[in-house]
file model.cif (mmCIF, C-alpha atoms)
data_coords
loop_
_atom_site.group_PDB
_atom_site.id
_atom_site.type_symbol
_atom_site.label_atom_id
_atom_site.label_comp_id
_atom_site.auth_asym_id
_atom_site.auth_seq_id
_atom_site.Cartn_x
_atom_site.Cartn_y
_atom_site.Cartn_z
ATOM 1 C CA MET A 15 0.000 0.000 0.000
ATOM 2 C CA THR A 16 1.325 3.427 -0.900
ATOM 3 C CA LEU A 17 -0.077 6.836 -0.088
ATOM 4 C CA SER A 18 1.163 10.284 -0.953
ATOM 5 C CA HIS A 19 1.959 12.521 1.991
ATOM 6 C CA PHE A 20 -1.074 14.681 1.251
ATOM 7 C CA SER A 21 -3.508 11.770 0.938
ATOM 8 C CA ALA A 22 -2.165 10.399 4.235
ATOM 9 C CA VAL A 23 -2.853 13.803 5.809
ATOM 10 C CA LEU A 24 -6.371 13.872 4.369
ATOM 11 C CA LEU A 25 -7.219 10.391 5.659
ATOM 12 C CA CYS A 26 -5.734 10.983 9.096
ATOM 13 C CA SER A 27 -7.502 14.362 9.377
ATOM 14 C CA LEU A 28 -10.815 12.838 8.290
ATOM 15 C CA PHE A 29 -10.751 9.991 10.805
ATOM 16 C CA VAL A 30 -9.478 12.119 13.685
ATOM 17 C CA SER A 31 -12.087 14.810 12.943
ATOM 18 C CA VAL A 32 -14.903 12.237 13.008
ATOM 19 C CA VAL A 33 -13.813 10.964 16.439
ATOM 20 C CA PHE A 34 -13.241 14.490 17.781
ATOM 21 C CA GLY A 35 -16.680 15.574 16.551
ATOM 22 C CA ILE A 36 -18.449 12.635 18.202
ATOM 23 C CA THR A 37 -16.567 12.765 21.502
ATOM 24 C CA MET A 38 -16.266 16.525 22.039
ATOM 25 C CA ARG A 39 -19.852 17.600 21.388
ATOM 26 C CA ALA A 40 -23.205 16.319 22.665
ATOM 27 C CA GLU A 41 -25.629 17.435 19.963
ATOM 28 C CA PRO A 42 -25.467 15.760 16.490
ATOM 29 C CA LYS A 43 -25.582 19.074 14.610
ATOM 30 C CA MET A 44 -22.728 20.471 16.694
ATOM 31 C CA MET A 45 -20.778 17.222 16.192
ATOM 32 C CA ILE A 46 -20.864 17.722 12.425
ATOM 33 C CA ARG A 47 -19.886 21.385 12.720
ATOM 34 C CA PHE A 48 -17.023 20.680 15.122
ATOM 35 C CA GLY A 49 -15.810 17.733 13.028
ATOM 36 C CA ALA A 50 -15.788 19.886 9.887
ATOM 37 C CA TYR A 51 -14.005 22.666 11.787
ATOM 38 C CA CYS A 52 -11.310 20.237 12.998
ATOM 39 C CA PHE A 53 -10.839 18.842 9.480
ATOM 40 C CA VAL A 54 -10.400 22.303 7.972
ATOM 41 C CA CYS A 55 -7.982 23.272 10.768
ATOM 42 C CA PHE A 56 -5.880 20.105 10.326
ATOM 43 C CA VAL A 57 -5.619 20.389 6.544
ATOM 44 C CA GLY A 58 -5.195 24.174 6.649
ATOM 45 C CA ALA A 59 -2.380 23.899 9.199
ATOM 46 C CA VAL A 60 -0.604 21.328 7.011
ATOM 47 C CA ILE A 61 -0.874 23.546 3.912
ATOM 48 C CA VAL A 62 0.399 26.595 5.825
ATOM 49 C CA ALA A 63 3.269 24.594 7.357
ATOM 50 C CA SER A 64 4.166 23.230 3.918
ATOM 51 C CA TRP A 65 4.389 26.719 2.414
ATOM 52 C CA VAL A 66 6.429 27.947 5.413
ATOM 53 C CA MET A 67 8.916 25.100 4.902
ATOM 54 C CA TYR A 68 9.031 25.878 1.168
ATOM 55 C CA ALA A 69 9.699 29.553 1.929
ATOM 56 C CA ILE A 70 12.454 28.679 4.418
ATOM 57 C CA LYS A 71 14.183 26.414 1.916
ATOM 58 C CA HIS A 72 13.969 28.903 -0.974
ATOM 59 C CA MET B 23 -32.457 -0.987 22.614
ATOM 60 C CA ALA B 24 -34.227 2.382 22.216
ATOM 61 C CA ALA B 25 -35.881 1.897 25.595
ATOM 62 C CA ASP B 26 -32.470 1.236 27.130
ATOM 63 C CA ALA B 27 -31.113 4.429 25.561
ATOM 64 C CA GLN B 28 -34.037 6.400 26.961
ATOM 65 C CA GLN B 29 -33.404 4.914 30.387
ATOM 66 C CA ILE B 30 -29.693 5.731 30.143
ATOM 67 C CA SER B 31 -30.380 9.347 29.198
ATOM 68 C CA GLN B 32 -32.445 9.750 32.365
ATOM 69 C CA ARG B 33 -29.836 8.211 34.670
ATOM 70 C CA ILE B 34 -28.936 10.404 37.606
ATOM 71 C CA PRO B 35 -25.244 11.405 37.566
ATOM 72 C CA GLY B 36 -23.321 9.515 40.235
ATOM 73 C CA GLU B 37 -25.899 6.756 40.499
ATOM 74 C CA LYS B 38 -24.297 3.379 41.299
ATOM 75 C CA SER B 39 -24.386 1.036 38.326
ATOM 76 C CA SER B 40 -22.006 -1.381 36.664
ATOM 77 C CA LEU B 41 -23.151 -0.343 33.175
ATOM 78 C CA PRO B 42 -20.649 2.536 32.750
ATOM 79 C CA ALA B 43 -17.705 0.249 33.583
ATOM 80 C CA ILE B 44 -18.979 -2.451 31.220
ATOM 81 C CA VAL B 45 -19.488 0.108 28.461
ATOM 82 C CA LEU B 46 -15.985 1.508 29.058
ATOM 83 C CA VAL B 47 -14.328 -1.911 28.748
ATOM 84 C CA ALA B 48 -16.487 -2.917 25.756
ATOM 85 C CA GLY B 49 -15.663 0.346 23.978
ATOM 86 C CA TRP B 50 -11.969 -0.220 24.621
ATOM 87 C CA LEU B 51 -11.995 -3.846 23.427
ATOM 88 C CA ILE B 52 -13.903 -3.167 20.197
ATOM 89 C CA PRO B 53 -14.056 0.397 18.821
ATOM 90 C CA GLY B 54 -17.634 1.695 18.927
ATOM 91 C CA LEU B 55 -19.077 -1.205 20.929
ATOM 92 C CA GLY B 56 -19.636 1.020 23.968
ATOM 93 C CA HIS B 57 -21.752 3.419 21.927
ATOM 94 C CA LEU B 58 -23.586 0.500 20.314
ATOM 95 C CA MET B 59 -24.532 -0.821 23.775
ATOM 96 C CA LEU B 60 -26.020 2.603 24.519
ATOM 97 C CA GLY B 61 -28.123 2.528 21.344
ATOM 98 C CA LYS B 62 -25.970 5.084 19.488
ATOM 99 C CA TRP B 63 -25.421 2.881 16.441
ATOM 100 C CA VAL B 64 -24.589 5.652 13.964
ATOM 101 C CA ARG B 65 -21.864 6.985 16.262
ATOM 102 C CA ALA B 66 -20.703 3.420 16.920
ATOM 103 C CA LEU B 67 -20.405 2.727 13.190
ATOM 104 C CA LEU B 68 -18.540 5.972 12.504
ATOM 105 C CA LEU B 69 -16.167 5.331 15.406
ATOM 106 C CA PHE B 70 -15.519 1.765 14.273
ATOM 107 C CA ILE B 71 -14.849 2.824 10.665
ATOM 108 C CA SER B 72 -12.554 5.662 11.761
ATOM 109 C CA ILE B 73 -10.514 3.739 14.329
ATOM 110 C CA ALA B 74 -10.338 0.432 12.467
ATOM 111 C CA GLY B 75 -9.529 2.451 9.326
ATOM 112 C CA MET B 76 -6.581 4.107 11.073
ATOM 113 C CA PHE B 77 -5.395 0.690 12.227
ATOM 114 C CA LEU B 78 -5.738 -0.969 8.802
ATOM 115 C CA ILE B 79 -4.092 1.910 6.935
ATOM 116 C CA GLY B 80 -1.251 1.800 9.473
ATOM 117 C CA LEU B 81 -0.791 -1.915 8.875
ATOM 118 C CA GLY B 82 -1.011 -1.379 5.113
ATOM 119 C CA LEU B 83 1.819 1.138 5.328
ATOM 120 C CA GLN B 84 3.940 -1.419 7.233
ATOM 121 C CA GLY B 85 3.649 0.495 10.498
ATOM 122 C CA LYS B 86 5.483 -0.734 13.561
ATOM 123 C CA ILE B 87 3.673 -2.694 16.259
ATOM 124 C CA TYR B 88 5.396 -1.805 19.540
ATOM 125 C CA GLN B 89 6.407 -4.654 21.829
ATOM 126 C CA PRO B 90 6.217 -4.431 25.633
ATOM 127 C CA GLY B 91 9.286 -4.866 27.782
ATOM 128 C CA THR B 92 11.986 -3.407 25.540
ATOM 129 C CA GLY B 93 12.918 -0.850 28.217
ATOM 130 C CA ASP B 94 12.985 2.059 25.757
ATOM 131 C CA ILE B 95 10.699 4.846 27.000
ATOM 132 C CA LEU B 96 9.503 5.673 23.472
ATOM 133 C CA ASP B 97 8.628 2.022 22.901
ATOM 134 C CA ILE B 98 6.712 1.934 26.200
ATOM 135 C CA LEU B 99 4.754 5.061 25.240
ATOM 136 C CA GLY B 100 4.058 3.691 21.763
ATOM 137 C CA PHE B 101 2.899 0.397 23.227
ATOM 138 C CA ALA B 102 0.623 2.170 25.720
ATOM 139 C CA ALA B 103 -0.934 4.169 22.882
ATOM 140 C CA GLN B 104 -1.398 1.128 20.635
ATOM 141 C CA LEU B 105 -2.876 -0.810 23.558
ATOM 142 C CA GLY B 106 -5.851 1.540 23.206
ATOM 143 C CA LEU B 107 -6.918 -0.479 20.162
ATOM 144 C CA GLY B 108 -8.009 -3.274 22.488
ATOM 145 C CA LEU B 109 -8.621 -6.554 20.678
ATOM 146 C CA LEU B 110 -7.185 -5.177 17.424
ATOM 147 C CA CYS B 111 -3.862 -4.643 19.214
ATOM 148 C CA GLY B 112 -4.022 -8.126 20.744
ATOM 149 C CA LEU B 113 -4.823 -9.596 17.330
ATOM 150 C CA ALA B 114 -1.877 -7.782 15.744
ATOM 151 C CA HIS B 115 0.473 -9.206 18.397
ATOM 152 C CA TRP B 116 -1.048 -12.681 18.191
ATOM 153 C CA VAL B 117 -1.075 -12.985 14.390
ATOM 154 C CA GLY B 118 2.164 -11.050 13.933
ATOM 155 C CA TRP B 119 0.767 -8.202 11.838
ATOM 156 C CA GLY B 120 2.767 -5.038 11.283
ATOM 157 C CA ALA B 121 6.498 -4.501 11.165
ATOM 158 C CA SER B 122 9.044 -4.811 13.960
ATOM 159 C CA SER B 123 10.628 -1.503 12.881
ATOM 160 C CA ALA B 124 9.680 1.407 10.637
ATOM 161 C CA VAL B 125 12.048 1.166 7.675
ATOM 162 C CA ASN B 126 10.976 4.176 5.600
ATOM 163 C CA THR B 127 8.896 7.349 5.732
ATOM 164 C CA LEU B 128 5.649 5.642 4.795
ATOM 165 C CA ALA B 129 6.194 2.996 7.487
ATOM 166 C CA ASP B 130 6.740 5.814 9.971
ATOM 167 C CA PHE B 131 3.409 7.300 8.849
ATOM 168 C CA GLY B 132 1.863 3.850 9.352
ATOM 169 C CA THR B 133 3.218 3.658 12.888
ATOM 170 C CA LYS B 134 1.673 7.052 13.643
ATOM 171 C CA PHE B 135 -1.668 5.944 12.176
ATOM 172 C CA ILE B 136 -1.757 2.928 14.528
ATOM 173 C CA VAL B 137 -0.690 4.997 17.552
ATOM 174 C CA ILE B 138 -3.295 7.698 16.830
ATOM 175 C CA GLY B 139 -5.959 5.011 16.303
ATOM 176 C CA GLY B 140 -5.233 3.657 19.780
ATOM 177 C CA LEU B 141 -5.422 7.110 21.370
ATOM 178 C CA LEU B 142 -8.692 7.852 19.555
ATOM 179 C CA ASN B 143 -10.188 4.618 20.884
ATOM 180 C CA TYR B 144 -9.324 5.660 24.444
ATOM 181 C CA MET B 145 -11.278 8.878 23.794
ATOM 182 C CA ALA B 146 -14.217 6.965 22.307
ATOM 183 C CA ALA B 147 -14.350 4.524 25.243
ATOM 184 C CA VAL B 148 -14.268 7.351 27.787
ATOM 185 C CA ASP B 149 -17.004 9.155 25.824
ATOM 186 C CA ALA B 150 -19.211 6.030 26.010
ATOM 187 C CA HIS B 151 -18.502 5.854 29.748
ATOM 188 C CA SER B 152 -19.523 9.505 30.165
ATOM 189 C CA LEU B 153 -22.752 8.888 28.249
ATOM 190 C CA ALA B 154 -23.530 5.823 30.381
ATOM 191 C CA ASN B 155 -23.030 7.534 33.727
ATOM 192 C CA GLY B 156 -24.884 10.687 32.690
ATOM 193 C CA ARG B 157 -21.886 13.034 32.793
ATOM 194 C CA LYS B 158 -22.407 13.791 29.103
ATOM 195 C CA ALA B 159 -25.868 14.627 27.783
ATOM 196 C CA SER B 160 -27.349 11.845 25.683
ATOM 197 C CA LEU B 161 -29.021 13.630 22.747
#

call {"tool": "encode", "arguments": {"input": "model.cif", "output": "structure tokens"}}
result
Amino acid sequence: MTLSHFSAVLLCSLFVSVVFGITMRAEPKMMIRFGAYCFVCFVGAVIVASWVMYAIKH
Amino acid sequence: MAADAQQISQRIPGEKSSLPAIVLVAGWLIPGLGHLMLGKWVRALLLFISIAGMFLIGLGLQGKIYQPGTGDILDILGFAAQLGLGLLCGLAHWVGWGASSAVNTLADFGTKFIVIGGLLNYMAAVDAHSLANGRKASL
């Protein structure tokens, strides 16, 4: 099995966000919102960190 | 099952019952089973898919299964985290799944997937326990 770094990030973020959403909120609607928020934060942080590393190298 | 869930949602916090402990152990042994016992089958299914998915992807990437008793503090921490997978961790040790060391970057990713899966299952089991004892609202 092979995954690109980005697809690994997407899968990990998706699964972690699902568990965070279910465990951190009590109401189903808030679970979905918090899960989506976590997913966007995870992926956004990775993209920002990637560009920072690119900028440092170049 | 729905009647049980209704009864659980009306449980008084702090009330003596063995159900929360049983739900905690069940949720640890099999991801999502604690929520399933409480009638939350959608959450149980999502938790099972997420945690078992992390475990299977980790194995697919040749992630390392930590062994107890090596004496290395990082190995002990890794083992404690992977122990959160319950029966999946026991099965991996018994059948011999996973690698004994992470040999490349993808295998290192795989190791992290398995470790994170174990930590997520601890969270899920504690969440089921909180639902069972009334500390968390059951909506």

call {"tool": "closest_residue", "arguments": {"input": "model.cif", "among": "A:Ser21, A:Cys52, A:Val32, A:Ala63", "to": "chain B", "atoms": "all atoms listed in the file"}}
result
A:Val32

call {"tool": "resolve_selection", "arguments": {"input": "model.cif", "expression": "the PyMOL selection byres ((chain B) within 10 of (chain A))", "output": "ChimeraX atom specification"}}
result
/B:65-66,68-76,79-84,127-129,131-132,134-135,138-139,142-143,145-150,152-153,158-161

call {"tool": "write_last_selection", "arguments": {"input": "model.cif", "atoms": "C-alpha atoms", "output": "short mmCIF file (atom, residue, chain, number, x, y, z; two decimals), in the frame of the given file"}}
result
data_model
loop_
_atom_site.label_atom_id
_atom_site.label_comp_id
_atom_site.auth_asym_id
_atom_site.auth_seq_id
_atom_site.Cartn_x
_atom_site.Cartn_y
_atom_site.Cartn_z
CA ARG B 65 -21.86 6.98 16.26
CA ALA B 66 -20.70 3.42 16.92
CA LEU B 68 -18.54 5.97 12.50
CA LEU B 69 -16.17 5.33 15.41
CA PHE B 70 -15.52 1.76 14.27
CA ILE B 71 -14.85 2.82 10.66
CA SER B 72 -12.55 5.66 11.76
CA ILE B 73 -10.51 3.74 14.33
CA ALA B 74 -10.34 0.43 12.47
CA GLY B 75 -9.53 2.45 9.33
CA MET B 76 -6.58 4.11 11.07
CA ILE B 79 -4.09 1.91 6.94
CA GLY B 80 -1.25 1.80 9.47
CA LEU B 81 -0.79 -1.92 8.88
CA GLY B 82 -1.01 -1.38 5.11
CA LEU B 83 1.82 1.14 5.33
CA GLN B 84 3.94 -1.42 7.23
CA THR B 127 8.90 7.35 5.73
CA LEU B 128 5.65 5.64 4.80
CA ALA B 129 6.19 3.00 7.49
CA PHE B 131 3.41 7.30 8.85
CA GLY B 132 1.86 3.85 9.35
CA LYS B 134 1.67 7.05 13.64
CA PHE B 135 -1.67 5.94 12.18
CA ILE B 138 -3.30 7.70 16.83
CA GLY B 139 -5.96 5.01 16.30
CA LEU B 142 -8.69 7.85 19.56
CA ASN B 143 -10.19 4.62 20.88
CA MET B 145 -11.28 8.88 23.79
CA ALA B 146 -14.22 6.96 22.31
CA ALA B 147 -14.35 4.52 25.24
CA VAL B 148 -14.27 7.35 27.79
CA ASP B 149 -17.00 9.15 25.82
CA ALA B 150 -19.21 6.03 26.01
CA SER B 152 -19.52 9.51 30.16
CA LEU B 153 -22.75 8.89 28.25
CA LYS B 158 -22.41 13.79 29.10
CA ALA B 159 -25.87 14.63 27.78
CA SER B 160 -27.35 11.84 25.68
CA LEU B 161 -29.02 13.63 22.75
#

call {"tool": "residues_around", "arguments": {"input": "model.cif", "residues": "range 90-92 of chain B", "least_positions_apart": "4", "cutoff": "9 Å", "atoms": "all atoms listed in the file", "output": "VMD selection string"}}
result
chain B and resid 97 to 98 101 to 102

call {"tool": "atom_distance", "arguments": {"input": "model.cif", "atom1": "CA of Ala114 in chain B", "atom2": "CA of Ile87 in chain B"}}
result
7.5 Å

call {"tool": "atom_distance", "arguments": {"input": "model.cif", "atom1": "CA of Ser64 in chain A", "atom2": "CA of Phe48 in chain A"}}
result
24.1 Å

call {"tool": "closest_residue", "arguments": {"input": "model.cif", "among": "B:Tyr88, B:Gly54, B:Ser39, B:Gly93", "to": "Ala124 in chain B", "atoms": "only C-alpha atoms"}}
result
B:Tyr88

call {"tool": "resolve_selection", "arguments": {"input": "model.cif", "expression": "the PyMOL selection byres ((chain B and resi 50) around 7)", "output": "PyMOL selection string"}}
result
chain B and resi 46-49+51-53+106-108+143-144+147

call {"tool": "write_last_selection", "arguments": {"input": "model.cif", "atoms": "C-alpha atoms", "output": "short mmCIF file (atom, residue, chain, number, x, y, z; two decimals), in the coordinates of the input"}}
result
data_model
loop_
_atom_site.label_atom_id
_atom_site.label_comp_id
_atom_site.auth_asym_id
_atom_site.auth_seq_id
_atom_site.Cartn_x
_atom_site.Cartn_y
_atom_site.Cartn_z
CA LEU B 46 -15.98 1.51 29.06
CA VAL B 47 -14.33 -1.91 28.75
CA ALA B 48 -16.49 -2.92 25.76
CA GLY B 49 -15.66 0.35 23.98
CA LEU B 51 -12.00 -3.85 23.43
CA ILE B 52 -13.90 -3.17 20.20
CA PRO B 53 -14.06 0.40 18.82
CA GLY B 106 -5.85 1.54 23.21
CA LEU B 107 -6.92 -0.48 20.16
CA GLY B 108 -8.01 -3.27 22.49
CA ASN B 143 -10.19 4.62 20.88
CA TYR B 144 -9.32 5.66 24.44
CA ALA B 147 -14.35 4.52 25.24
#

call {"tool": "closest_residue", "arguments": {"input": "model.cif", "among": "B:Leu55, B:Leu60, B:Leu110, B:Ile44", "to": "Ile136 in chain B", "atoms": "only C-alpha atoms"}}
result
B:Leu110

call {"tool": "atom_distance", "arguments": {"input": "model.cif", "atom1": "CA of Gly49 in chain A", "atom2": "CA of Ser27 in chain A"}}
result
9.7 Å

call {"tool": "residues_around", "arguments": {"input": "model.cif", "residues": "Lys86 in chain B", "least_positions_apart": "4", "cutoff": "6 Å", "atoms": "only C-alpha atoms", "output": "mmCIF file with C-alpha atoms, keeping the file's coordinate frame"}}
result
data_model
loop_
_atom_site.group_PDB
_atom_site.id
_atom_site.type_symbol
_atom_site.label_atom_id
_atom_site.label_comp_id
_atom_site.auth_asym_id
_atom_site.auth_seq_id
_atom_site.Cartn_x
_atom_site.Cartn_y
_atom_site.Cartn_z
ATOM 1 C CA GLY B 120 2.767 -5.038 11.283
ATOM 2 C CA ALA B 121 6.498 -4.501 11.165
ATOM 3 C CA SER B 122 9.044 -4.811 13.960
ATOM 4 C CA SER B 123 10.628 -1.503 12.881
ATOM 5 C CA ALA B 124 9.680 1.407 10.637
ATOM 6 C CA THR B 133 3.218 3.658 12.888
#

call {"tool": "closest_residue", "arguments": {"input": "model.cif", "among": "B:Asn155, B:Gln89, B:Gly56, B:Asp94", "to": "Gly112 in chain B", "atoms": "only C-alpha atoms"}}
result
B:Gln89

call {"tool": "residues_around", "arguments": {"input": "model.cif", "residues": "Tyr51 in chain A", "least_positions_apart": "4", "cutoff": "9 Å", "atoms": "only C-alpha atoms", "output": "VMD selection string"}}
result
chain A and resid 31 35 46 to 47 55 to 56

call {"tool": "write_last_selection", "arguments": {"input": "model.cif", "atoms": "C-alpha atoms", "output": "tab-separated table (two decimals), in the coordinates of the input"}}
result
chain	number	residue	atom	x	y	z
A	31	SER	CA	-12.09	14.81	12.94
A	35	GLY	CA	-16.68	15.57	16.55
A	46	ILE	CA	-20.86	17.72	12.42
A	47	ARG	CA	-19.89	21.38	12.72
A	55	CYS	CA	-7.98	23.27	10.77
A	56	PHE	CA	-5.88	20.10	10.33

call {"tool": "decode", "arguments": {"input": "model.cif", "residues": "range 22-60 of chain A", "atoms": "C-alpha atoms", "output": "PDB file, in the first residue's frame"}}
result
ATOM      1  CA  ALA A  22      -2.165  10.399   4.235  1.00  0.00           C
ATOM      2  CA  VAL A  23      -2.853  13.803   5.809  1.00  0.00           C
ATOM      3  CA  LEU A  24      -6.371  13.872   4.369  1.00  0.00           C
ATOM      4  CA  LEU A  25      -7.219  10.391   5.659  1.00  0.00           C
ATOM      5  CA  CYS A  26      -5.734  10.983   9.096  1.00  0.00           C
ATOM      6  CA  SER A  27      -7.502  14.362   9.377  1.00  0.00           C
ATOM      7  CA  LEU A  28     -10.815  12.838   8.290  1.00  0.00           C
ATOM      8  CA  PHE A  29     -10.751   9.991  10.805  1.00  0.00           C
ATOM      9  CA  VAL A  30      -9.478  12.119  13.685  1.00  0.00           C
ATOM     10  CA  SER A  31     -12.087  14.810  12.943  1.00  0.00           C
ATOM     11  CA  VAL A  32     -14.903  12.237  13.008  1.00  0.00           C
ATOM     12  CA  VAL A  33     -13.813  10.964  16.439  1.00  0.00           C
ATOM     13  CA  PHE A  34     -13.241  14.490  17.781  1.00  0.00           C
ATOM     14  CA  GLY A  35     -16.680  15.574  16.551  1.00  0.00           C
ATOM     15  CA  ILE A  36     -18.449  12.635  18.202  1.00  0.00           C
ATOM     16  CA  THR A  37     -16.567  12.765  21.502  1.00  0.00           C
ATOM     17  CA  MET A  38     -16.266  16.525  22.039  1.00  0.00           C
ATOM     18  CA  ARG A  39     -19.852  17.600  21.388  1.00  0.00           C
ATOM     19  CA  ALA A  40     -23.205  16.319  22.665  1.00  0.00           C
ATOM     20  CA  GLU A  41     -25.629  17.435  19.963  1.00  0.00           C
ATOM     21  CA  PRO A  42     -25.467  15.760  16.490  1.00  0.00           C
ATOM     22  CA  LYS A  43     -25.582  19.074  14.610  1.00  0.00           C
ATOM     23  CA  MET A  44     -22.728  20.471  16.694  1.00  0.00           C
ATOM     24  CA  MET A  45     -20.778  17.222  16.192  1.00  0.00           C
ATOM     25  CA  ILE A  46     -20.864  17.722  12.425  1.00  0.00           C
ATOM     26  CA  ARG A  47     -19.886  21.385  12.720  1.00  0.00           C
ATOM     27  CA  PHE A  48     -17.023  20.680  15.122  1.00  0.00           C
ATOM     28  CA  GLY A  49     -15.810  17.733  13.028  1.00  0.00           C
ATOM     29  CA  ALA A  50     -15.788  19.886   9.887  1.00  0.00           C
ATOM     30  CA  TYR A  51     -14.005  22.666  11.787  1.00  0.00           C
ATOM     31  CA  CYS A  52     -11.310  20.237  12.998  1.00  0.00           C
ATOM     32  CA  PHE A  53     -10.839  18.842   9.480  1.00  0.00           C
ATOM     33  CA  VAL A  54     -10.400  22.303   7.972  1.00  0.00           C
ATOM     34  CA  CYS A  55      -7.982  23.272  10.768  1.00  0.00           C
ATOM     35  CA  PHE A  56      -5.880  20.105  10.326  1.00  0.00           C
ATOM     36  CA  VAL A  57      -5.619  20.389   6.544  1.00  0.00           C
ATOM     37  CA  GLY A  58      -5.195  24.174   6.649  1.00  0.00           C
ATOM     38  CA  ALA A  59      -2.380  23.899   9.199  1.00  0.00           C
ATOM     39  CA  VAL A  60      -0.604  21.328   7.011  1.00  0.00           C
TER      40      VAL A  60
END
